[in-house]
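Enquirer: I have a structure here, written as structure tokens, and I will follow up with some questions on it.
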Amino acid sequence: MASQEIETLSSALARLPGLGPRSARRAVLWLVKRREQALPALLEALVAVRDTLVECEVCGNVDTRNPCAICADPRRDAKAICVVEDVADLWALDRAKLFTGTYHVLGGRLSALDGIRPEDLNIAALLARVEAGGVDEIVLAMNATLEGQTTSHYLAERLEGFPLRITQLAHGLPVGGELDYLDEGTLAQALRARRPVS
Ligand SMILES: [Zn+2]
């Protein structure tokens, strides 16, 4: 029987995406065995995340500053906004270093199944950015899933009527593929081959 402390930590870790109860217990055992070396750094990193990370009120990115480093960077082209589902997608695209514009994080995708409606996503802020002017291209970089594409179509409709070029990622995205899992070459190709939303 594990102690209460170990149980508490295991069940906290088991809630992380990608970890089930079994891997969580293994992670806890690993940490317990290396508590002198590994725990201080981990604790420090967790506290730093709790105390310093904020959500950018412009784009929804997570950073230590608000507006985030991307929104605040004068070398970034504010005329182009790449719309992504999640912060992990933004990071994945930005690692590919191909897109020089700014981003907008929706915080999810439309889903009838999960009851996610447009008002549950960060869409109003995107429209406000477009309405404020100075934007001439929107890249819809949704995942190549059914829900991602539904979201993409919805956004294309909402953006109709603005003087904008609306593009979306093209070749290279495998059907059912999620951006965060793709290698940088595939992502770069998809971004380069973006095409107008029909
Ligand atoms: Zn930002």
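Chains: A, B, ... in order of the structure tokens. Residues: from 1 per chain. Ligands: from 1, in order shown.
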Write out as an mmCIF file with C-alpha atoms, in the first residue's frame each polymer residue (protein, DNA or RNA) that has an atom no more than 12 Å from ligand 1, with only C-alpha atoms and all ligand atoms counted.

Expert:
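Ended up saving to out26.cif:
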```
data_model
loop_
_atom_site.group_PDB
_atom_site.id
_atom_site.type_symbol
_atom_site.label_atom_id
_atom_site.label_comp_id
_atom_site.auth_asym_id
_atom_site.auth_seq_id
_atom_site.Cartn_x
_atom_site.Cartn_y
_atom_site.Cartn_z
ATOM 1 C CA VAL A 54 -0.004 34.806 -17.989
ATOM 2 C CA GLU A 55 -2.332 34.619 -20.965
ATOM 3 C CA CYS A 56 -1.684 37.245 -23.626
ATOM 4 C CA GLU A 57 -4.824 39.346 -23.886
ATOM 5 C CA VAL A 58 -4.179 40.038 -27.564
ATOM 6 C CA CYS A 59 -3.646 36.536 -28.928
ATOM 7 C CA GLY A 60 -4.217 34.044 -26.092
ATOM 8 C CA ASN A 61 -0.629 32.759 -26.062
ATOM 9 C CA VAL A 62 0.906 31.857 -22.710
ATOM 10 C CA ASP A 63 4.016 33.794 -21.760
ATOM 11 C CA THR A 64 5.705 35.597 -18.896
ATOM 12 C CA ARG A 65 4.565 38.919 -20.322
ATOM 13 C CA ASN A 66 1.325 40.425 -21.573
ATOM 14 C CA PRO A 67 1.202 41.206 -24.494
ATOM 15 C CA CYS A 68 3.322 38.135 -25.201
ATOM 16 C CA ALA A 69 6.804 38.283 -26.753
ATOM 17 C CA ILE A 70 5.364 37.494 -30.207
ATOM 18 C CA CYS A 71 2.701 40.226 -30.109
ATOM 19 C CA ALA A 72 5.214 42.709 -28.710
ATOM 20 C CA ASP A 73 7.918 41.932 -31.289
ATOM 21 C CA ARG A 76 6.586 40.495 -36.532
ATOM 22 C CA ALA A 78 0.978 42.351 -37.524
ATOM 23 C CA ILE A 81 -2.645 36.497 -38.172
ATOM 24 C CA CYS A 82 -2.343 32.725 -37.994
ATOM 25 C CA VAL A 83 -5.300 31.240 -36.109
ATOM 26 C CA VAL A 87 -1.186 27.186 -27.532
ATOM 27 C CA LEU A 90 1.216 28.037 -31.850
ATOM 28 C CA TRP A 91 4.441 26.767 -30.330
ATOM 29 C CA GLY A 101 3.178 37.210 -38.590
ATOM 30 C CA THR A 102 1.310 37.018 -35.306
ATOM 31 C CA TYR A 103 -1.031 34.364 -33.921
ATOM 32 C CA HIS A 104 -4.450 33.952 -32.425
ATOM 33 C CA VAL A 105 -5.272 31.058 -30.100
ATOM 34 C CA ALA A 125 -11.245 38.791 -29.752
ATOM 35 C CA LEU A 126 -10.151 37.638 -33.213
ATOM 36 C CA ARG A 129 -8.519 42.414 -34.023
#
```

Enquirer: Taking only range 9-174 of chain A into account, list the residues labelled helix (DSSP H, G or I) by DSSP (computed from the backbone), as number ranges by chain.

Expert: A: 9-14, 21-33, 38-52, 69-72, 87-95, 118-120, 123-131, 146-158

Enquirer: Which residue, A:Lys33, A:Arg50, A:Lys79, A:Arg22, has the smallest gap to Gly133 in chain A when you use only C-alpha atoms?

Expert: A:Lys79

Enquirer: Set the distance at 8 Å and use only C-alpha atoms: which residues neighbour range 139-156 of chain A once local chain neighbours fewer than 5 positions away are removed? I'd like the list as an NGL selection string.

Expert: :A and (80-85 or 109-111 or 166-169 or 173-179 or 194 or 197)

Enquirer: Which residue is closest to Val135 in chain A? Choose from A:Ala92, A:Leu159, A:Leu121, A:Leu191 and count only C-alpha atoms.

Expert: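 Between A:Ala92, A:Leu159, A:Leu121, A:Leu191, the residue approaching Val135 in chain A most closely is A:Leu159.
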
Enquirer: Find the residues around Ala188 in chain A up to 8 Å (only C-alpha atoms counted), leave out those fewer than 2 positions away in its own chain, and share them as a list in words.

Expert: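 My reading of the contact set: Leu93, Ala96, Leu98, Glu184, Gly185, Thr186, Ala190, Leu191 and Arg192 of chain A.
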
Enquirer: For Leu29 in chain A, find every residue with an atom within 12 Å (counting only C-alpha atoms), except residues of its own chain fewer than 5 positions away, and show them as an MDAnalysis selection string.

Expert: chainID A and resid 2:3 5:7 9:10 13 22:24 34:35 38:39

Enquirer: To one decimal place, how far is CA of Asp136 in chain A from CA of Arg165 in chain A in Å?

Expert: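 Taking CA of Asp136 in chain A and CA of Arg165 in chain A, their separation equals 6.1 Å.
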
Enquirer: Please return, as a PyMOL selection string, all residues of chain A that DSSP assigns to strand (DSSP E or B) on the basis of the backbone.

Expert: chain A and resi 54-55+62-63+77-84+101-105+111+116+137-140+165-168+195-196
